[in-house]
There are 2 protein chains.
Amino acid sequence: MTSMRAVTTVLANERPRLARLGTAERVTEILREQIAAGLFPPGTRLSEESIGEALGVSRNTLRESFRLLGHENLVAHELNRGVFVRVLTAEDVVDLYQLRQIIESSALEIAGRAGPLELGPVIAAVEQAEAAGADGRWDEVATLDLQFHQEIVALAQSPRLDELMRRLLAELRLAFHVMHGSQEFHEPYLVRNRKMVTLLRRKKLDQAVQELRAYLEDAQRELLSAFRAEQAAPPSQGT
Amino acid sequence: MTSMRAVTTVLANERPRLARLGTAERVTEILREQIAAGLFPPGTRLSEESIGEALGVSRNTLRESFRLLGHENLVAHELNRGVFVRVLTAEDVVDLYQLRQIIESSALEIAGRAGPLELGPVIAAVEQAEAAGADGRWDEVATLDLQFHQEIVALAQSPRLDELMRRLLAELRLAFHVMHGSQEFHEPYLVRNRKMVTLLRRKKLDQAVQELRAYLEDAQRELLSAFRAEQAAPPSQGT
DNA sequence: GCATATTTGTCCGTATGTATA
DNA sequence: CTATACATACGGACAAATATG
């Protein structure tokens, strides 16, 4: 069976076999990004025919992609009706932030127990965010803020926690569209991220966790109120 | 698929639209269960042709199912080679238990904060497990033990936490096959589950969390050692 | 190392069921 | 109620990658 495939191979593909992507995966990535970028607003129906044609893939392949996106909760699959970009409810936002609290604070605690923190990527994320903010590129700030939090979770060095966080943030982005990269929303968090880095550098883990909790509570509150305002005055329903 | 679409109940389906399952989902459930039951041991390749024929579905439909199972980490998809039932490593087991610690203890803390605990389903699970144990049906005990922990998480009333736990336990089952429903392994946990229920009834949340942590640490240790023993002496590679 | 058989990857066409204007 | 559009599911085809002798 798998035992002896070792030396003979000249162009040996040691592992790329696992890394290479098929068409369905590539399509999934494209769609995931386009949904995140707001190209398909929540509620949009993703037609098999039109999207398949646009991307130059068959409907069969596209359906495999849709299954993956559905499993990530980015689209909802309704039998015999098609797939729709997910429309989050206020309850979804609350649930997502509760999970974020759990994941991020647990990650910090695990990282603190495990030994010295490798803060390089975390610091890089805040610094890039600050640079983007100084230039007024506020939607980049939004992206880099999420990356900062992704790097926080990465400190725990748990593959599953990483993946979980990735999916959670992708889903949360569906709700972020209402804030639409406004300076008022993002600027305060820039400062708070910097503060958190300082605490981590000084090994004030408890304080960092506490700051994180407050951060997330505030962010949730702000997002929720913007979100509910949106629901009261829906933005030009196409139907 | 063949027929089976016969009945055509004239009764209108009000909302089942969201609940109804397509063929791919049904196939996914069947395969998930068969993998959990050990019918396809880790490492087995799932052939599109043979499984498709066995279940009476086309390759296209089956491939959609495979995508879903892959996203749940129950199978690994290797490009141009097919899908294989996942073979967990010791690192996977450690990672899974770390995540379990996070999920279960967080769930208890959330539930404790939220108000009075609704312990009905939790108690039902332990009692059924005890009954099964008294009858010597130890693989049922194994299943009911997992359900007990699923119910613990359900106390937090978070849809995403529930789903997360469901997937985690499904993956963990891949490793449980080495214990193979032995009384020695499961009996002690029966007692500990009962103890945890008692603590919860008396609202000793902190003690319950502590017991939970110890429980999981012990379970992980036992599983890991059985697991490593298995790896040293692989069980009859049947090609 | 090579030729062959097997299996996956991807596409297309089509019949049927379902939802909706 | 009918017509239309679309998703569902199947089966066949062929190229490409992989496994086998």
# chains A, B, ... in the order shown; residues from 1 in each chain; ligands from 1
call {"tool": "closest_atom_pairs", "arguments": {"of": "chain D", "to": "chain B", "cutoff": "7 Å", "atoms": "only C-alpha atoms (C1' of nucleotides)", "output": "CSV"}}
result
residue,atom,partner,partner_atom,distance
D:DA9,C1',B:Met1,CA,6.9
D:DC10,C1',B:Ser58,CA,6.2
D:DA17,C1',B:Asn80,CA,5.9
D:DT18,C1',B:Arg81,CA,6.9
call {"tool": "closest_atom_pairs", "arguments": {"of": "chain B", "to": "chain A", "cutoff": "9 Å", "atoms": "only C-alpha atoms", "output": "CSV"}}
result
residue,atom,partner,partner_atom,distance
B:Arg17,CA,A:Leu79,CA,6.2
B:Leu18,CA,A:Glu78,CA,5.8
B:Ala19,CA,A:Glu78,CA,8.7
B:Arg20,CA,A:Leu79,CA,7.1
B:Leu21,CA,A:Leu79,CA,7.3
B:Gly22,CA,A:Leu79,CA,6.8
B:Asn60,CA,A:Asn60,CA,6.8
B:Thr61,CA,A:Asn60,CA,8.8
B:Arg63,CA,A:Glu64,CA,7.4
B:Glu64,CA,A:Glu64,CA,5.3
B:Ser65,CA,A:Arg67,CA,8.5
B:Arg67,CA,A:Glu64,CA,6.7
B:Leu68,CA,A:Leu68,CA,6.6
B:His71,CA,A:Leu68,CA,7.0
B:Glu72,CA,A:His71,CA,8.6
B:Ala76,CA,A:Leu18,CA,8.8
B:His77,CA,A:Leu18,CA,7.8
B:Glu78,CA,A:Leu18,CA,5.7
B:Leu79,CA,A:Arg17,CA,6.3
B:Asn80,CA,A:Arg17,CA,8.6
B:Arg81,CA,A:Arg17,CA,8.9
B:Asp92,CA,A:Pro159,CA,8.9
B:Asp95,CA,A:Ser158,CA,6.4
B:Leu96,CA,A:Arg160,CA,7.7
B:Gln98,CA,A:Ser158,CA,8.6
B:Leu99,CA,A:Leu161,CA,7.3
B:Ile102,CA,A:Ser106,CA,6.8
B:Ile103,CA,A:Ile102,CA,7.9
B:Ser106,CA,A:Ile102,CA,6.8
B:Ser158,CA,A:Asp95,CA,6.4
B:Pro159,CA,A:Asp95,CA,7.6
B:Arg160,CA,A:Asp95,CA,7.1
B:Leu161,CA,A:Leu99,CA,7.3
B:Leu164,CA,A:Leu164,CA,9.0
B:Gln237,CA,A:Met1,CA,8.7
B:Thr239,CA,A:Met1,CA,6.0
call {"tool": "calpha_fit_and_write", "arguments": {"fixed": "chain A", "moving": "chain B", "output": "mmCIF file with C-alpha atoms, in the first residue's frame"}}
result
data_model
loop_
_atom_site.group_PDB
_atom_site.id
_atom_site.type_symbol
_atom_site.label_atom_id
_atom_site.label_comp_id
_atom_site.auth_asym_id
_atom_site.auth_seq_id
_atom_site.Cartn_x
_atom_site.Cartn_y
_atom_site.Cartn_z
ATOM 1 C CA MET B 1 -11.622 20.827 -15.460
ATOM 2 C CA THR B 2 -9.568 21.842 -18.476
ATOM 3 C CA SER B 3 -5.841 21.286 -18.492
ATOM 4 C CA MET B 4 -3.445 22.960 -16.039
ATOM 5 C CA ARG B 5 -2.186 19.599 -14.925
ATOM 6 C CA ALA B 6 0.775 20.109 -17.156
ATOM 7 C CA VAL B 7 3.941 20.425 -15.222
ATOM 8 C CA THR B 8 4.146 16.985 -13.639
ATOM 9 C CA THR B 9 7.141 17.766 -11.539
ATOM 10 C CA VAL B 10 9.145 14.606 -11.352
ATOM 11 C CA LEU B 11 10.027 15.411 -7.758
ATOM 12 C CA ALA B 12 8.404 13.042 -5.339
ATOM 13 C CA ASN B 13 5.798 14.520 -3.037
ATOM 14 C CA GLU B 14 6.792 13.240 0.364
ATOM 15 C CA ARG B 15 3.842 14.240 2.498
ATOM 16 C CA PRO B 16 1.908 16.731 0.474
ATOM 17 C CA ARG B 17 -0.663 13.983 0.304
ATOM 18 C CA LEU B 18 -2.366 15.575 3.257
ATOM 19 C CA ALA B 19 -1.692 19.107 2.158
ATOM 20 C CA ARG B 20 -2.574 18.963 -1.520
ATOM 21 C CA LEU B 21 -5.947 20.258 -2.451
ATOM 22 C CA GLY B 22 -8.498 18.819 -4.783
ATOM 23 C CA THR B 23 -10.541 20.867 -7.187
ATOM 24 C CA ALA B 24 -13.473 21.129 -4.808
ATOM 25 C CA GLU B 25 -11.287 22.602 -2.094
ATOM 26 C CA ARG B 26 -9.713 25.086 -4.444
ATOM 27 C CA VAL B 27 -13.110 26.178 -5.661
ATOM 28 C CA THR B 28 -14.237 26.516 -2.061
ATOM 29 C CA GLU B 29 -11.348 28.832 -1.314
ATOM 30 C CA ILE B 30 -12.067 30.972 -4.333
ATOM 31 C CA LEU B 31 -15.728 31.311 -3.474
ATOM 32 C CA ARG B 32 -15.007 31.940 0.193
ATOM 33 C CA GLU B 33 -12.735 34.785 -0.763
ATOM 34 C CA GLN B 34 -15.164 36.231 -3.246
ATOM 35 C CA ILE B 35 -17.945 36.138 -0.706
ATOM 36 C CA ALA B 36 -15.705 37.787 1.864
ATOM 37 C CA ALA B 37 -14.784 40.460 -0.649
ATOM 38 C CA GLY B 38 -18.429 41.254 -1.141
ATOM 39 C CA LEU B 39 -18.516 40.089 -4.744
ATOM 40 C CA PHE B 40 -21.602 38.071 -3.947
ATOM 41 C CA PRO B 41 -23.662 40.154 -1.552
ATOM 42 C CA PRO B 42 -25.737 38.364 1.087
ATOM 43 C CA GLY B 43 -28.898 36.942 -0.410
ATOM 44 C CA THR B 44 -27.362 36.252 -3.804
ATOM 45 C CA ARG B 45 -28.172 32.899 -5.241
ATOM 46 C CA LEU B 46 -25.173 30.935 -6.436
ATOM 47 C CA SER B 47 -26.278 29.163 -9.565
ATOM 48 C CA GLU B 48 -24.688 25.796 -10.186
ATOM 49 C CA GLU B 49 -24.624 26.311 -13.890
ATOM 50 C CA SER B 50 -23.258 29.825 -14.155
ATOM 51 C CA ILE B 51 -20.651 29.496 -11.430
ATOM 52 C CA GLY B 52 -19.610 26.102 -12.650
ATOM 53 C CA GLU B 53 -19.090 27.512 -16.086
ATOM 54 C CA ALA B 54 -17.278 30.585 -14.810
ATOM 55 C CA LEU B 55 -14.806 28.492 -12.850
ATOM 56 C CA GLY B 56 -14.577 25.730 -15.398
ATOM 57 C CA VAL B 57 -15.695 22.920 -13.116
ATOM 58 C CA SER B 58 -18.504 20.430 -13.392
ATOM 59 C CA ARG B 59 -21.694 20.671 -11.405
ATOM 60 C CA ASN B 60 -20.780 17.652 -9.315
ATOM 61 C CA THR B 61 -17.530 19.176 -8.201
ATOM 62 C CA LEU B 62 -19.177 22.501 -7.537
ATOM 63 C CA ARG B 63 -21.821 20.896 -5.380
ATOM 64 C CA GLU B 64 -19.118 19.462 -3.156
ATOM 65 C CA SER B 65 -17.796 22.978 -2.698
ATOM 66 C CA PHE B 66 -21.241 24.268 -1.865
ATOM 67 C CA ARG B 67 -21.552 21.647 0.850
ATOM 68 C CA LEU B 68 -18.351 22.869 2.435
ATOM 69 C CA LEU B 69 -19.392 26.494 2.290
ATOM 70 C CA GLY B 70 -22.731 25.565 3.757
ATOM 71 C CA HIS B 71 -21.062 23.791 6.625
ATOM 72 C CA GLU B 72 -19.152 26.985 7.317
ATOM 73 C CA ASN B 73 -22.408 28.920 7.400
ATOM 74 C CA LEU B 74 -21.311 31.155 4.575
ATOM 75 C CA VAL B 75 -24.135 29.975 2.371
ATOM 76 C CA ALA B 76 -27.521 28.506 3.150
ATOM 77 C CA HIS B 77 -28.628 25.480 1.242
ATOM 78 C CA GLU B 78 -32.351 25.374 0.502
ATOM 79 C CA LEU B 79 -33.564 22.113 -0.919
ATOM 80 C CA ASN B 80 -34.543 22.318 -4.574
ATOM 81 C CA ARG B 81 -33.881 26.042 -4.559
ATOM 82 C CA GLY B 82 -30.134 26.249 -4.470
ATOM 83 C CA VAL B 83 -27.556 27.906 -2.271
ATOM 84 C CA PHE B 84 -27.729 31.528 -1.220
ATOM 85 C CA VAL B 85 -25.123 33.726 0.363
ATOM 86 C CA ARG B 86 -26.107 33.856 3.981
ATOM 87 C CA VAL B 87 -28.062 36.855 5.234
ATOM 88 C CA LEU B 88 -27.229 37.429 8.860
ATOM 89 C CA THR B 89 -29.812 38.622 11.327
ATOM 90 C CA ALA B 90 -29.181 40.857 14.300
ATOM 91 C CA GLU B 91 -29.459 37.756 16.482
ATOM 92 C CA ASP B 92 -26.691 36.138 14.465
ATOM 93 C CA VAL B 93 -24.443 39.106 15.087
ATOM 94 C CA VAL B 94 -25.114 38.952 18.810
ATOM 95 C CA ASP B 95 -24.453 35.220 18.879
ATOM 96 C CA LEU B 96 -21.252 35.616 16.908
ATOM 97 C CA TYR B 97 -19.920 38.290 19.239
ATOM 98 C CA GLN B 98 -20.769 36.244 22.270
ATOM 99 C CA LEU B 99 -18.742 33.401 20.823
ATOM 100 C CA ARG B 100 -15.932 35.791 19.967
ATOM 101 C CA GLN B 101 -15.821 36.970 23.547
ATOM 102 C CA ILE B 102 -15.496 33.401 24.710
ATOM 103 C CA ILE B 103 -12.880 32.384 22.206
ATOM 104 C CA GLU B 104 -10.635 35.399 22.391
ATOM 105 C CA SER B 105 -10.608 35.872 26.132
ATOM 106 C CA SER B 106 -10.151 32.161 26.730
ATOM 107 C CA ALA B 107 -7.266 32.154 24.300
ATOM 108 C CA LEU B 108 -5.542 34.955 26.175
ATOM 109 C CA GLU B 109 -6.015 33.193 29.485
ATOM 110 C CA ILE B 110 -4.660 29.926 28.141
ATOM 111 C CA ALA B 111 -1.706 31.674 26.572
ATOM 112 C CA GLY B 112 -0.959 33.498 29.814
ATOM 113 C CA ARG B 113 -1.002 30.267 31.793
ATOM 114 C CA ALA B 114 1.182 28.460 29.282
ATOM 115 C CA GLY B 115 4.265 30.639 29.590
ATOM 116 C CA PRO B 116 5.977 33.516 27.826
ATOM 117 C CA LEU B 117 3.952 35.008 25.008
ATOM 118 C CA GLU B 118 5.237 34.821 21.471
ATOM 119 C CA LEU B 119 4.011 38.207 20.360
ATOM 120 C CA GLY B 120 5.798 38.450 17.021
ATOM 121 C CA PRO B 121 2.851 37.817 14.706
ATOM 122 C CA VAL B 122 0.524 39.880 16.873
ATOM 123 C CA ILE B 123 2.805 42.881 16.705
ATOM 124 C CA ALA B 124 3.323 42.432 12.991
ATOM 125 C CA ALA B 125 -0.426 42.586 12.462
ATOM 126 C CA VAL B 126 -0.906 45.853 14.347
ATOM 127 C CA GLU B 127 2.061 47.468 12.682
ATOM 128 C CA GLN B 128 0.868 46.562 9.223
ATOM 129 C CA ALA B 129 -2.558 47.827 10.146
ATOM 130 C CA GLU B 130 -1.104 51.116 11.345
ATOM 131 C CA ALA B 131 0.871 51.479 8.142
ATOM 132 C CA ALA B 132 -2.225 50.819 6.066
ATOM 133 C CA GLY B 133 -4.159 53.335 8.132
ATOM 134 C CA ALA B 134 -1.487 55.974 7.620
ATOM 135 C CA ASP B 135 -1.904 55.455 3.869
ATOM 136 C CA GLY B 136 -5.657 55.633 4.076
ATOM 137 C CA ARG B 137 -6.161 52.082 2.859
ATOM 138 C CA TRP B 138 -9.015 51.448 5.235
ATOM 139 C CA ASP B 139 -10.305 48.201 3.847
ATOM 140 C CA GLU B 140 -6.867 46.718 4.326
ATOM 141 C CA VAL B 141 -7.054 47.970 7.876
ATOM 142 C CA ALA B 142 -10.256 46.012 8.240
ATOM 143 C CA THR B 143 -8.597 42.816 7.066
ATOM 144 C CA LEU B 144 -5.542 43.341 9.231
ATOM 145 C CA ASP B 145 -7.686 44.029 12.255
ATOM 146 C CA LEU B 146 -9.272 40.630 11.852
ATOM 147 C CA GLN B 147 -5.848 39.097 11.426
ATOM 148 C CA PHE B 148 -4.732 40.749 14.637
ATOM 149 C CA HIS B 149 -7.510 38.992 16.474
ATOM 150 C CA GLN B 150 -6.741 35.747 14.732
ATOM 151 C CA GLU B 151 -3.166 36.049 15.991
ATOM 152 C CA ILE B 152 -4.415 36.724 19.485
ATOM 153 C CA VAL B 153 -6.215 33.398 19.369
ATOM 154 C CA ALA B 154 -3.165 31.709 17.882
ATOM 155 C CA LEU B 155 -1.314 32.506 21.127
ATOM 156 C CA ALA B 156 -3.228 29.666 22.746
ATOM 157 C CA GLN B 157 -1.650 27.232 20.288
ATOM 158 C CA SER B 158 -4.807 25.232 19.881
ATOM 159 C CA PRO B 159 -5.539 23.965 16.362
ATOM 160 C CA ARG B 160 -9.256 23.728 16.974
ATOM 161 C CA LEU B 161 -9.481 27.159 18.510
ATOM 162 C CA ASP B 162 -7.649 28.560 15.492
ATOM 163 C CA GLU B 163 -9.973 26.900 13.054
ATOM 164 C CA LEU B 164 -13.003 27.940 15.031
ATOM 165 C CA MET B 165 -11.889 31.554 15.022
ATOM 166 C CA ARG B 166 -11.177 31.430 11.312
ATOM 167 C CA ARG B 167 -14.686 30.270 10.554
ATOM 168 C CA LEU B 168 -16.242 32.704 12.960
ATOM 169 C CA LEU B 169 -14.499 35.669 11.384
ATOM 170 C CA ALA B 170 -15.431 34.509 7.891
ATOM 171 C CA GLU B 171 -19.056 34.471 8.935
ATOM 172 C CA LEU B 172 -18.785 37.803 10.663
ATOM 173 C CA ARG B 173 -17.474 39.349 7.487
ATOM 174 C CA LEU B 174 -20.909 38.852 5.995
ATOM 175 C CA ALA B 175 -22.123 41.497 8.403
ATOM 176 C CA PHE B 176 -19.122 43.795 8.002
ATOM 177 C CA HIS B 177 -20.091 44.793 4.510
ATOM 178 C CA VAL B 178 -22.397 47.425 5.930
ATOM 179 C CA MET B 179 -19.414 49.269 7.440
ATOM 180 C CA HIS B 180 -17.599 49.216 4.148
ATOM 181 C CA GLY B 181 -14.117 50.125 5.270
ATOM 182 C CA SER B 182 -14.889 53.512 6.693
ATOM 183 C CA GLN B 183 -12.197 55.381 8.539
ATOM 184 C CA GLU B 184 -14.582 56.437 11.295
ATOM 185 C CA PHE B 185 -15.294 52.853 12.151
ATOM 186 C CA HIS B 186 -11.797 51.418 12.029
ATOM 187 C CA GLU B 187 -9.502 54.153 13.277
ATOM 188 C CA PRO B 188 -10.366 53.893 16.972
ATOM 189 C CA TYR B 189 -9.713 50.161 16.941
ATOM 190 C CA LEU B 190 -6.253 50.724 15.555
ATOM 191 C CA VAL B 191 -5.415 52.607 18.709
ATOM 192 C CA ARG B 192 -7.011 50.016 20.929
ATOM 193 C CA ASN B 193 -5.135 47.158 19.294
ATOM 194 C CA ARG B 194 -1.886 48.991 19.919
ATOM 195 C CA LYS B 195 -2.877 49.482 23.533
ATOM 196 C CA MET B 196 -3.593 45.790 23.888
ATOM 197 C CA VAL B 197 -0.177 44.891 22.543
ATOM 198 C CA THR B 198 1.418 47.152 25.104
ATOM 199 C CA LEU B 199 -0.503 45.485 27.898
ATOM 200 C CA LEU B 200 0.494 42.054 26.654
ATOM 201 C CA ARG B 201 4.145 43.039 26.443
ATOM 202 C CA ARG B 202 4.033 44.114 30.055
ATOM 203 C CA LYS B 203 2.328 40.875 30.990
ATOM 204 C CA LYS B 204 -0.760 42.675 32.220
ATOM 205 C CA LEU B 205 -2.935 39.782 31.172
ATOM 206 C CA ASP B 206 -5.981 40.714 33.236
ATOM 207 C CA GLN B 207 -6.019 44.228 31.915
ATOM 208 C CA ALA B 208 -5.580 42.968 28.378
ATOM 209 C CA VAL B 209 -8.569 40.664 28.737
ATOM 210 C CA GLN B 210 -10.582 43.521 30.144
ATOM 211 C CA GLU B 211 -9.619 45.787 27.274
ATOM 212 C CA LEU B 212 -10.493 43.014 24.855
ATOM 213 C CA ARG B 213 -13.943 42.612 26.363
ATOM 214 C CA ALA B 214 -14.630 46.325 26.135
ATOM 215 C CA TYR B 215 -13.334 46.384 22.585
ATOM 216 C CA LEU B 216 -15.684 43.636 21.504
ATOM 217 C CA GLU B 217 -18.653 45.127 23.248
ATOM 218 C CA ASP B 218 -18.118 48.447 21.533
ATOM 219 C CA ALA B 219 -17.555 46.853 18.155
ATOM 220 C CA GLN B 220 -20.703 44.809 18.512
ATOM 221 C CA ARG B 221 -22.744 47.850 19.461
ATOM 222 C CA GLU B 222 -21.498 49.877 16.513
ATOM 223 C CA LEU B 223 -21.945 47.052 14.056
ATOM 224 C CA LEU B 224 -25.422 46.301 15.299
ATOM 225 C CA SER B 225 -26.637 49.836 14.954
ATOM 226 C CA ALA B 226 -25.271 50.145 11.417
ATOM 227 C CA PHE B 227 -26.770 46.782 10.734
ATOM 228 C CA ARG B 228 -30.212 47.693 11.924
ATOM 229 C CA ALA B 229 -30.158 50.931 10.010
ATOM 230 C CA GLU B 230 -29.419 48.895 6.897
ATOM 231 C CA GLN B 231 -32.333 46.595 7.537
ATOM 232 C CA ALA B 232 -34.699 49.508 7.858
ATOM 233 C CA ALA B 233 -33.546 50.862 4.488
ATOM 234 C CA PRO B 234 -32.453 47.946 2.287
ATOM 235 C CA PRO B 235 -29.826 48.969 -0.251
ATOM 236 C CA SER B 236 -31.374 48.860 -3.698
ATOM 237 C CA GLN B 237 -32.802 45.406 -4.214
ATOM 238 C CA GLY B 238 -31.569 44.607 -7.681
ATOM 239 C CA THR B 239 -33.717 41.473 -8.059
#
call {"tool": "select_by_dssp", "arguments": {"residues": "segment 30-214 of chain A", "states": "alpha helix (DSSP H)", "output": "ChimeraX atom specification"}}
result
/A:30-36,48-55,59-71,90-114,120-134,138-154,159-176,183-201,205-214
call {"tool": "closest_residue", "arguments": {"among": "D:DT2, D:DA13, D:DG21, D:DA7", "to": "DC12 of chain C", "atoms": "only C-alpha atoms (C1' of nucleotides)"}}
result
D:DA13
call {"tool": "interface_residues", "arguments": {"of": "chain C", "to": "chain A", "cutoff": "8 Å", "atoms": "only C-alpha atoms (C1' of nucleotides)", "output": "PyMOL selection string"}}
result
chain C and resi 10-11+18-19
call {"tool": "atom_distance", "arguments": {"atom1": "atom C1' of DT14 of chain C", "atom2": "atom C1' of DA16 of chain D"}}
result
26.1 Å
